[in-house]
file upload30.csv (CSV, C-alpha atoms)
chain,number,residue,atom,x,y,z
A,226,MET,CA,38.0,37.3,136.6
A,227,SER,CA,36.5,40.2,134.8
A,228,ALA,CA,37.5,40.9,131.2
A,229,PRO,CA,39.8,43.8,130.6
A,230,ALA,CA,38.2,47.1,129.6
A,231,LYS,CA,38.0,47.6,125.8
A,232,PRO,CA,39.8,50.6,124.5
A,233,ARG,CA,37.7,53.4,123.1
A,234,PHE,CA,37.3,53.5,119.4
A,235,ASP,CA,39.8,55.9,117.9
A,236,ALA,CA,38.7,57.5,114.6
A,237,GLY,CA,42.3,58.2,113.8
A,238,ASP,CA,43.5,54.6,114.3
A,239,PRO,CA,40.3,52.5,114.0
A,240,LEU,CA,42.3,49.2,113.7
A,241,GLY,CA,44.6,49.9,116.6
A,242,ILE,CA,47.7,49.8,114.4
A,243,ASP,CA,49.6,52.0,116.8
A,244,ASP,CA,49.6,49.0,119.2
A,245,LEU,CA,52.0,47.3,116.8
A,246,LEU,CA,54.5,50.1,117.2
A,247,ASP,CA,57.1,50.3,120.0
A,248,PRO,CA,58.1,53.5,121.8
A,249,GLU,CA,61.0,54.1,119.5
A,250,ASP,CA,58.8,53.8,116.5
A,251,LEU,CA,56.4,56.3,117.9
A,252,ALA,CA,59.2,58.7,118.8
A,253,VAL,CA,60.5,58.6,115.2
A,254,ARG,CA,57.0,59.2,113.9
A,255,ASP,CA,56.3,62.1,116.3
A,256,THR,CA,59.7,63.7,115.5
A,257,VAL,CA,59.1,63.7,111.8
A,258,ARG,CA,55.4,64.8,112.2
A,259,SER,CA,56.4,67.7,114.4
A,260,TRP,CA,59.1,68.8,111.9
A,261,ALA,CA,56.7,68.7,109.0
A,262,SER,CA,54.1,70.5,111.0
A,263,ASP,CA,56.5,73.3,111.8
A,264,ARG,CA,58.6,73.6,108.7
A,265,VAL,CA,56.3,72.5,105.8
A,266,MET,CA,52.6,72.8,106.5
A,267,PRO,CA,52.5,76.6,107.1
A,268,TYR,CA,54.2,77.3,103.7
A,269,ILE,CA,53.4,74.3,101.4
A,270,ALA,CA,50.4,75.8,99.7
A,271,ASP,CA,52.4,78.9,98.7
A,272,TRP,CA,55.3,76.8,97.5
A,273,TYR,CA,53.0,74.6,95.5
A,274,GLU,CA,51.2,77.6,93.9
A,275,ARG,CA,54.6,79.2,93.1
A,276,GLY,CA,56.0,75.9,91.7
A,277,ASP,CA,59.0,76.2,93.9
A,278,LEU,CA,60.8,74.7,96.9
A,279,PRO,CA,62.7,77.7,98.4
A,280,GLY,CA,65.3,76.9,101.0
A,281,ILE,CA,65.7,73.3,99.8
A,282,ARG,CA,69.3,73.2,101.1
A,283,GLU,CA,68.3,74.4,104.5
A,284,LEU,CA,65.4,71.9,104.6
A,285,ALA,CA,67.8,69.2,103.7
A,286,ARG,CA,70.1,70.1,106.5
A,287,GLU,CA,67.2,70.1,108.9
A,288,LEU,CA,66.1,66.7,107.7
A,289,GLY,CA,69.7,65.5,108.2
A,290,SER,CA,69.6,66.8,111.8
A,291,ILE,CA,66.6,64.7,112.7
A,292,GLY,CA,68.1,61.6,111.0
A,293,ALA,CA,65.7,61.4,108.1
A,294,LEU,CA,68.3,61.1,105.3
A,295,GLY,CA,69.4,57.6,104.6
A,296,MET,CA,67.8,56.7,107.9
A,297,SER,CA,67.6,53.0,107.4
A,298,LEU,CA,71.3,52.7,106.4
A,299,LYS,CA,74.0,51.9,108.9
A,300,GLY,CA,77.2,53.8,109.5
A,301,TYR,CA,78.6,56.9,107.8
A,302,GLY,CA,76.5,59.2,109.9
A,303,CYS,CA,73.2,57.4,109.0
A,304,ALA,CA,70.6,56.7,111.7
A,305,GLY,CA,70.4,53.0,111.3
A,306,ALA,CA,66.7,53.0,111.8
A,307,SER,CA,64.4,50.1,111.1
A,308,ALA,CA,62.5,49.8,107.9
A,309,VAL,CA,59.2,50.4,109.8
A,310,GLN,CA,60.6,53.6,111.3
A,311,TYR,CA,61.7,54.8,107.8
A,312,GLY,CA,58.2,54.0,106.5
A,313,LEU,CA,56.6,56.0,109.3
A,314,ALA,CA,58.8,58.9,108.4
A,315,CYS,CA,57.8,58.7,104.7
A,316,LEU,CA,54.1,58.6,105.8
A,317,GLU,CA,54.5,61.8,107.8
A,318,LEU,CA,56.5,63.6,105.2
A,319,GLU,CA,54.0,62.8,102.4
A,320,ALA,CA,51.1,63.8,104.7
A,321,ALA,CA,52.8,67.2,104.3
A,322,ASP,CA,53.6,66.9,100.6
A,323,SER,CA,54.8,64.3,98.1
A,324,GLY,CA,57.5,66.6,97.0
A,325,ILE,CA,59.1,66.6,100.5
A,326,ARG,CA,58.9,62.8,100.7
A,327,SER,CA,60.5,62.6,97.2
A,328,LEU,CA,63.4,64.8,98.4
A,329,VAL,CA,64.0,62.3,101.2
A,330,SER,CA,63.4,59.2,99.2
A,331,VAL,CA,65.7,60.2,96.3
A,332,GLN,CA,68.4,61.2,98.7
A,333,GLY,CA,68.3,58.1,101.0
A,334,SER,CA,66.7,55.3,99.1
A,335,LEU,CA,68.2,56.0,95.7
A,336,ALA,CA,71.4,58.0,95.7
A,337,MET,CA,72.7,57.1,99.2
A,338,TYR,CA,71.5,53.5,99.0
A,339,ALA,CA,73.3,53.0,95.7
A,340,ILE,CA,76.6,54.3,97.1
A,341,HIS,CA,76.1,52.4,100.4
A,342,ARG,CA,75.4,49.1,98.7
A,343,PHE,CA,77.5,49.2,95.6
A,344,GLY,CA,80.2,51.8,96.3
A,345,SER,CA,83.8,51.4,97.3
A,346,GLU,CA,84.8,52.3,100.9
A,347,GLU,CA,86.4,55.5,99.5
A,348,GLN,CA,83.1,56.5,97.8
A,349,LYS,CA,81.2,55.8,101.0
A,350,GLN,CA,83.6,57.9,103.1
A,351,ARG,CA,83.6,60.7,100.5
A,352,TRP,CA,79.8,61.1,100.0
A,353,LEU,CA,77.7,59.4,102.7
A,354,PRO,CA,78.5,61.5,105.8
A,355,GLY,CA,77.7,64.8,104.1
A,356,MET,CA,74.6,63.3,102.5
A,357,ALA,CA,73.3,62.0,105.8
A,358,ALA,CA,73.8,65.4,107.3
A,359,GLY,CA,72.0,67.1,104.4
A,360,GLU,CA,75.2,69.1,103.5
A,361,ILE,CA,75.3,67.3,100.1
A,362,ILE,CA,72.2,66.6,98.1
A,363,GLY,CA,72.1,63.6,95.8
A,364,CYS,CA,70.1,62.7,92.7
A,365,PHE,CA,69.6,59.4,90.8
A,366,GLY,CA,69.9,59.3,87.0
A,367,LEU,CA,68.2,56.3,85.4
A,368,THR,CA,65.1,57.5,83.4
A,369,GLU,CA,65.8,59.0,80.0
A,370,PRO,CA,63.7,61.0,77.6
A,371,ASP,CA,63.0,57.9,75.5
A,372,HIS,CA,63.4,55.2,78.1
A,373,GLY,CA,61.4,55.0,81.2
A,374,SER,CA,59.8,51.7,81.9
A,375,ASP,CA,62.5,49.9,79.8
A,376,PRO,CA,65.7,51.1,81.3
A,377,ALA,CA,67.7,48.4,79.5
A,378,GLY,CA,67.3,50.5,76.4
A,379,MET,CA,69.1,53.5,77.9
A,380,ARG,CA,71.3,55.4,75.5
A,381,THR,CA,73.6,57.2,78.0
A,382,TYR,CA,77.0,55.6,77.4
A,383,ALA,CA,80.3,55.5,79.3
A,384,LYS,CA,83.4,54.6,77.4
A,385,ARG,CA,86.9,54.0,78.6
A,386,ASP,CA,89.6,56.5,77.6
A,387,GLY,CA,92.8,55.3,79.2
A,388,SER,CA,92.1,54.9,82.9
A,389,ASP,CA,89.3,57.5,82.7
A,390,TRP,CA,85.6,57.1,81.9
A,391,VAL,CA,83.8,59.5,79.5
A,392,LEU,CA,80.0,59.8,79.9
A,393,THR,CA,77.6,61.1,77.3
A,394,GLY,CA,73.8,61.1,77.5
A,395,ARG,CA,70.7,62.6,79.0
A,396,LYS,CA,68.5,61.7,81.9
A,397,MET,CA,65.0,63.1,82.5
A,398,TRP,CA,62.6,63.8,85.4
A,399,ILE,CA,65.3,63.8,88.0
A,400,THR,CA,64.3,64.9,91.5
A,401,ASN,CA,66.9,67.1,93.2
A,402,GLY,CA,68.9,67.3,89.9
A,403,SER,CA,69.8,71.0,89.8
A,404,VAL,CA,70.6,71.3,93.5
A,405,ALA,CA,72.6,68.0,93.8
A,406,GLY,CA,76.3,67.8,94.7
A,407,VAL,CA,76.5,64.2,93.4
A,408,ALA,CA,74.5,62.4,90.8
A,409,VAL,CA,74.4,58.6,90.7
A,410,VAL,CA,74.2,58.0,87.0
A,411,TRP,CA,73.6,54.7,85.2
A,412,ALA,CA,75.1,54.2,81.8
A,413,GLN,CA,75.7,51.5,79.2
A,414,THR,CA,79.3,50.3,78.9
A,415,ASP,CA,81.0,47.6,76.9
A,416,ASP,CA,80.7,45.4,79.9
A,417,GLY,CA,77.0,46.1,80.7
A,418,ILE,CA,75.2,48.8,82.7
A,419,ARG,CA,77.3,50.4,85.3
A,420,GLY,CA,76.7,53.1,88.0
A,421,PHE,CA,78.8,56.2,88.5
A,422,ALA,CA,79.1,58.7,91.3
A,423,VAL,CA,79.3,61.9,89.3
A,424,PRO,CA,80.3,65.2,91.1
A,425,THR,CA,78.0,67.8,89.6
A,426,ASP,CA,80.7,70.4,89.3
A,427,VAL,CA,82.7,68.5,86.7
A,428,PRO,CA,83.0,70.0,83.2
A,429,GLY,CA,80.2,68.8,80.8
A,430,PHE,CA,77.6,68.2,83.5
A,431,SER,CA,74.5,70.4,83.6
A,432,ALA,CA,71.0,70.0,85.1
A,433,PRO,CA,68.5,72.4,83.7
A,434,GLU,CA,65.4,72.6,85.8
A,435,ILE,CA,62.0,71.3,84.4
A,436,LYS,CA,59.3,73.9,84.8
A,437,HIS,CA,55.6,74.1,84.0
A,438,LYS,CA,54.7,71.0,86.1
A,439,TRP,CA,51.1,70.5,87.3
A,440,SER,CA,52.2,67.9,89.8
A,441,LEU,CA,55.0,67.8,92.4
A,442,ARG,CA,55.2,71.5,92.1
A,443,ALA,CA,57.0,71.9,95.5
A,444,SER,CA,59.9,69.7,94.3
A,445,VAL,CA,63.0,70.3,92.2
A,446,THR,CA,62.8,68.3,89.0
A,447,SER,CA,65.6,68.5,86.4
A,448,GLU,CA,67.1,67.1,83.3
A,449,LEU,CA,70.7,65.8,83.5
A,450,VAL,CA,72.9,66.5,80.5
A,451,LEU,CA,76.2,64.7,80.3
A,452,ASP,CA,78.4,66.1,77.5
A,453,GLU,CA,81.5,64.0,77.4
A,454,VAL,CA,81.9,64.2,81.2
A,455,ARG,CA,85.3,62.8,82.1
A,456,LEU,CA,85.6,60.9,85.3
A,457,PRO,CA,88.5,59.0,87.0
A,458,ALA,CA,88.4,55.3,87.2
A,459,ASP,CA,87.3,55.4,90.8
A,460,ALA,CA,84.0,57.1,90.0
A,461,VAL,CA,82.4,53.8,88.9
A,462,LEU,CA,80.4,51.9,91.6
A,463,PRO,CA,82.5,48.7,91.7
A,464,GLU,CA,80.2,46.2,93.3
A,465,VAL,CA,77.5,45.8,90.6
A,466,THR,CA,77.1,45.4,86.9
A,467,GLY,CA,73.7,45.2,85.1
A,468,LEU,CA,70.2,46.3,85.8
A,469,LYS,CA,70.1,44.5,89.2
A,470,GLY,CA,71.9,47.6,90.5
A,471,PRO,CA,69.4,50.3,89.7
A,472,LEU,CA,66.4,48.0,90.1
A,473,SER,CA,67.4,47.1,93.7
A,474,CYS,CA,67.6,50.8,94.4
A,475,LEU,CA,64.1,51.3,93.0
A,476,THR,CA,62.7,48.5,95.2
A,477,HIS,CA,64.0,50.4,98.2
A,478,ALA,CA,62.5,53.6,97.0
A,479,ARG,CA,59.1,52.0,96.1
A,480,TYR,CA,58.9,50.7,99.7
A,481,GLY,CA,58.9,54.2,100.9
A,482,ILE,CA,56.2,55.1,98.5
A,483,VAL,CA,54.0,52.3,99.9
A,484,TRP,CA,54.0,54.2,103.2
A,485,GLY,CA,54.2,57.7,101.8
A,486,SER,CA,51.1,57.4,99.6
A,487,MET,CA,49.1,56.6,102.7
A,488,GLY,CA,50.3,59.9,104.2
A,489,ALA,CA,48.8,61.8,101.3
A,490,ALA,CA,45.6,59.7,101.7
A,491,ARG,CA,45.4,60.3,105.4
A,492,ALA,CA,45.8,64.1,105.1
A,493,SER,CA,43.0,64.2,102.5
A,494,PHE,CA,40.7,61.9,104.5
A,495,GLU,CA,41.2,63.9,107.7
A,496,SER,CA,40.4,67.1,105.8
A,497,ALA,CA,37.2,65.6,104.5
A,498,LEU,CA,36.2,64.1,107.9
A,499,GLN,CA,36.7,67.4,109.7
A,500,TYR,CA,34.8,69.3,106.9
A,501,SER,CA,31.9,66.8,107.1
A,502,ARG,CA,31.5,67.6,110.8
A,503,THR,CA,31.3,71.4,110.3
A,504,ARG,CA,29.8,72.0,106.9
A,505,GLU,CA,26.1,72.3,107.1
A,506,GLN,CA,23.5,71.8,104.4
A,507,PHE,CA,19.7,71.2,104.8
A,508,GLY,CA,20.0,72.2,108.4
A,509,ARG,CA,22.7,69.8,109.7
A,510,PRO,CA,26.3,68.7,109.2
A,511,ILE,CA,26.8,66.8,105.9
A,512,GLY,CA,28.6,64.1,108.0
A,513,GLY,CA,25.2,63.1,109.2
A,514,PHE,CA,24.0,62.1,105.8
A,515,GLN,CA,24.2,58.4,104.8
A,516,LEU,CA,25.9,59.0,101.5
A,517,THR,CA,28.7,61.0,103.2
A,518,GLN,CA,29.1,58.4,105.9
A,519,ALA,CA,29.4,55.7,103.3
A,520,LYS,CA,32.2,57.6,101.6
A,521,LEU,CA,34.0,58.2,104.9
A,522,ALA,CA,33.7,54.5,105.9
A,523,ASP,CA,35.0,53.3,102.5
A,524,MET,CA,37.9,55.7,102.6
A,525,ALA,CA,38.8,54.7,106.2
A,526,VAL,CA,38.8,51.0,105.3
A,527,GLU,CA,41.1,51.5,102.3
A,528,LEU,CA,43.4,53.9,104.2
A,529,HIS,CA,44.0,51.7,107.2
A,530,LYS,CA,44.2,48.5,105.2
A,531,GLY,CA,47.0,50.3,103.2
A,532,ILE,CA,48.8,51.3,106.4
A,533,LEU,CA,48.5,47.8,107.7
A,534,LEU,CA,49.9,46.4,104.4
A,535,ALA,CA,52.8,48.9,104.6
A,536,HIS,CA,53.5,47.8,108.2
A,537,HIS,CA,53.5,44.2,107.2
A,538,LEU,CA,56.0,44.8,104.4
A,539,GLY,CA,58.2,46.8,106.8
A,540,ARG,CA,58.4,44.0,109.2
A,541,ARG,CA,59.3,41.7,106.3
A,542,MET,CA,62.1,44.1,105.2
A,543,ASP,CA,63.4,44.2,108.8
A,544,ALA,CA,63.4,40.4,108.9
A,545,GLY,CA,65.2,40.2,105.5
A,546,THR,CA,62.4,38.3,103.9
A,547,LEU,CA,60.8,41.1,101.7
A,548,ARG,CA,60.6,40.3,98.0
A,549,PRO,CA,60.5,42.8,95.2
A,550,GLU,CA,57.1,41.4,94.0
A,551,GLN,CA,55.7,42.2,97.5
A,552,VAL,CA,56.9,45.8,97.2
A,553,SER,CA,55.1,45.9,93.8
A,554,PHE,CA,52.0,44.6,95.5
A,555,GLY,CA,52.2,47.5,98.0
A,556,LYS,CA,53.0,50.2,95.5
A,557,LEU,CA,50.3,49.2,93.1
A,558,ASN,CA,47.6,48.9,95.8
A,559,ASN,CA,48.4,51.9,98.0
A,560,VAL,CA,49.0,54.5,95.4
A,561,ARG,CA,45.9,53.5,93.5
A,562,GLU,CA,43.8,53.6,96.7
A,563,ALA,CA,45.4,56.9,97.8
A,564,ILE,CA,44.3,58.6,94.6
A,565,GLU,CA,40.8,57.3,95.0
A,566,ILE,CA,40.7,58.6,98.6
A,567,CYS,CA,41.8,62.0,97.5
A,568,ARG,CA,39.2,62.1,94.7
A,569,THR,CA,36.4,61.0,97.1
A,570,SER,CA,37.5,63.5,99.7
A,571,ARG,CA,37.3,66.2,97.1
A,572,THR,CA,33.6,65.3,96.5
A,573,ILE,CA,32.9,65.8,100.2
A,574,LEU,CA,34.5,69.2,100.2
A,575,GLY,CA,32.6,70.2,97.0
A,576,ALA,CA,33.9,73.3,95.4
A,577,ASN,CA,36.2,74.0,98.3
A,578,GLY,CA,38.0,70.8,97.4
A,579,ILE,CA,39.8,72.5,94.6
A,580,SER,CA,41.1,75.3,96.8
A,581,LEU,CA,44.7,75.3,98.1
A,582,GLU,CA,43.1,76.3,101.5
A,583,TYR,CA,42.6,72.5,101.8
A,584,PRO,CA,45.3,69.9,100.9
A,585,VAL,CA,43.1,67.5,98.9
A,586,MET,CA,43.6,68.7,95.3
A,587,ARG,CA,47.3,69.2,95.9
A,588,HIS,CA,47.7,65.7,97.2
A,589,ALA,CA,45.6,64.3,94.3
A,590,THR,CA,47.7,66.0,91.6
A,591,ASN,CA,50.9,65.0,93.3
A,592,LEU,CA,49.8,61.4,93.4
A,593,GLU,CA,49.3,61.4,89.7
A,594,SER,CA,53.1,61.6,89.5
A,595,VAL,CA,53.6,59.0,92.3
A,596,LEU,CA,51.4,56.6,90.4
A,597,THR,CA,53.8,56.8,87.5
A,598,TYR,CA,57.3,57.1,88.9
A,599,GLU,CA,59.2,54.1,90.4
A,600,GLY,CA,57.2,51.9,88.1
A,601,THR,CA,53.8,52.6,86.4
A,602,VAL,CA,50.6,50.7,87.4
A,603,GLU,CA,51.0,48.6,84.3
A,604,MET,CA,54.6,47.6,85.1
A,605,HIS,CA,53.7,46.5,88.7
A,606,GLN,CA,50.7,44.6,87.3
A,607,LEU,CA,53.0,42.7,85.0
A,608,VAL,CA,55.5,42.1,87.8
A,609,LEU,CA,52.7,40.5,89.8
A,610,GLY,CA,51.3,38.7,86.8
A,611,LYS,CA,54.7,37.1,86.1
A,612,ALA,CA,55.0,36.1,89.7
A,613,LEU,CA,51.6,34.5,89.7
A,614,THR,CA,51.7,32.7,86.4
A,615,GLY,CA,55.4,32.1,85.9
A,616,LEU,CA,55.0,33.7,82.4
A,617,ASP,CA,56.9,36.8,81.3
A,618,ALA,CA,54.5,39.2,79.5
A,619,PHE,CA,56.8,42.3,79.4
A,620,ARG,CA,57.7,41.7,75.8

call {"tool": "encode", "arguments": {"input": "upload30.csv", "output": "structure tokens"}}
result
Amino acid sequence: MSAPAKPRFDAGDPLGIDDLLDPEDLAVRDTVRSWASDRVMPYIADWYERGDLPGIRELARELGSIGALGMSLKGYGCAGASAVQYGLACLELEAADSGIRSLVSVQGSLAMYAIHRFGSEEQKQRWLPGMAAGEIIGCFGLTEPDHGSDPAGMRTYAKRDGSDWVLTGRKMWITNGSVAGVAVVWAQTDDGIRGFAVPTDVPGFSAPEIKHKWSLRASVTSELVLDEVRLPADAVLPEVTGLKGPLSCLTHARYGIVWGSMGAARASFESALQYSRTREQFGRPIGGFQLTQAKLADMAVELHKGILLAHHLGRRMDAGTLRPEQVSFGKLNNVREAIEICRTSRTILGANGISLEYPVMRHATNLESVLTYEGTVEMHQLVLGKALTGLDAFR
């Protein structure tokens, strides 16, 4: 019996990873890719240069209409997609721009996830359907001006006043903050750290937008100011006390970054590959020179290893066996390699690599933020170091 014919080599999928995806996975990926191609790619360079994300509310509603908001959550209007499908969506969104993927990640993996996992049934009914549809934008308030990697030291405080809660404090670097209808805010209380679903129209709440960013420019980033914000007793998320609440949300968001960072890397690699085939020096395309081919080969290896790692973690999440340390493994590796792919792609494009005509420099500067948020390189190294040695080196 003759052996089956070998498939042709696919430069876009050299490891044949698409063979691991089922038709529903591919349909989700193609839907998000098509939306990003139509609604983001023609405008993103201008948005980035202006430092603005105009029409964010319309974009959120469109993302809701394709099921991209809270897509791995079940019920309340959410799509109930698999973790792998959510990851594929993150990859396609970040291939357009990290700011767009951040909008979706904060909405679904932080704000909606917190309410879905730790909220009361009344809170879920109040907020989640509108958030899934993109009618309500959410944000997530954990980081403070003086407390980033050490959230246990947060100063935002919630005190009881009769049956009410009164919140006072500041949060910093909050994606979606100034356009949010609800903010999930974490605060110290006499009983430990608690989460609160804060309507952003309550007296004492403000969200001044942070300007003059050189990264994630096509993204809304704000400070949250809580000046004796009075909330009813039912604003507190009842199902969690302590840091395990916000940290579990961060694990879910970091998982999306494992995929998303590979989208930024893929877009940069594809730009460099195409450029190498058409840019001529010394009488022939630069892709025909050994040094350029070595760069392209090394980038392809790291890109597709990263996608394979993301896929593996997604299958573990779907099986309920994914550990936070494994998400740290993925976030640490994939973001670091994505930045290196962007930098190497820039060298192939030469001076053109710094132009917004190409996506490479935009992705590289965005990834400098992605490298830091949801846990710095050093924090993920220490998470893995503790897991490997059994010794806590955080303090």

call {"tool": "atom_distance", "arguments": {"input": "upload30.csv", "atom1": "atom CA of Cys315 of chain A", "atom2": "atom CA of Arg282 of chain A"}}
result
18.9 Å

call {"tool": "closest_residue", "arguments": {"input": "upload30.csv", "among": "A:Ile361, A:Val461, A:Leu547, A:Ala321", "to": "Tyr273 of chain A", "atoms": "all atoms listed in the file"}}
result
A:Ala321

call {"tool": "residues_around", "arguments": {"input": "upload30.csv", "residues": "Ser594 of chain A", "least_positions_apart": "4", "cutoff": "12 Å", "atoms": "all atoms listed in the file", "output": "JSON, numbers by chain"}}
result
{"A": [323, 324, 327, 398, 400, 438, 439, 440, 441, 442, 444, 446, 482, 486, 560, 561, 564, 587, 588, 589, 590, 598, 599, 600, 601, 602]}

call {"tool": "atom_distance", "arguments": {"input": "upload30.csv", "atom1": "atom CA of Leu528 of chain A", "atom2": "atom CA of Leu592 of chain A"}}
result
14.6 Å

call {"tool": "residues_around", "arguments": {"input": "upload30.csv", "residues": "Arg254 of chain A", "least_positions_apart": "3", "cutoff": "12 Å", "atoms": "only C-alpha atoms", "output": "list of chain:residue names"}}
result
A:Asp243, A:Leu246, A:Asp247, A:Pro248, A:Glu249, A:Asp250, A:Leu251, A:Val257, A:Arg258, A:Ser259, A:Trp260, A:Ala261, A:Ile291, A:Gly292, A:Ala293, A:Ala306, A:Val309, A:Gln310, A:Tyr311, A:Gly312, A:Leu313, A:Ala314, A:Cys315, A:Leu316, A:Glu317, A:Leu318, A:Ala320, A:Gly488

call {"tool": "residues_around", "arguments": {"input": "upload30.csv", "residues": "Leu574 of chain A", "least_positions_apart": "2", "cutoff": "8 Å", "atoms": "all atoms listed in the file", "output": "list in words"}}
result
Ala497, Tyr500, Ser501, Ser570, Arg571, Thr572, Ala576, Asn577 and Gly578 of chain A

call {"tool": "closest_residue", "arguments": {"input": "upload30.csv", "among": "A:Ala563, A:Ser447, A:Met356, A:Ala544", "to": "Glu593 of chain A", "atoms": "only C-alpha atoms"}}
result
A:Ala563

call {"tool": "closest_residue", "arguments": {"input": "upload30.csv", "among": "A:Val595, A:Leu521, A:Ile281, A:Ala339", "to": "Leu462 of chain A", "atoms": "all atoms listed in the file"}}
result
A:Ala339

call {"tool": "residues_near_point", "arguments": {"input": "upload30.csv", "point": "(70.9, 46.4, 91.7)", "cutoff": "12 Å", "atoms": "all atoms listed in the file", "output": "list in words"}}
result
Leu335, Tyr338, Ala339, Ile340, His341, Arg342, Phe343, Gly344, Trp411, Ile418, Arg419, Gly420, Leu462, Pro463, Glu464, Val465, Thr466, Gly467, Leu468, Lys469, Gly470, Pro471, Leu472, Ser473, Cys474, Leu475, Thr476, His477 and Pro549 of chain A

call {"tool": "closest_residue", "arguments": {"input": "upload30.csv", "among": "A:Gly481, A:Gly539, A:Gly575, A:Gly555", "to": "Arg504 of chain A", "atoms": "all atoms listed in the file"}}
result
A:Gly575

call {"tool": "closest_residue", "arguments": {"input": "upload30.csv", "among": "A:Leu581, A:Ala377, A:Ala408, A:Leu392", "to": "Tyr268 of chain A", "atoms": "all atoms listed in the file"}}
result
A:Leu581
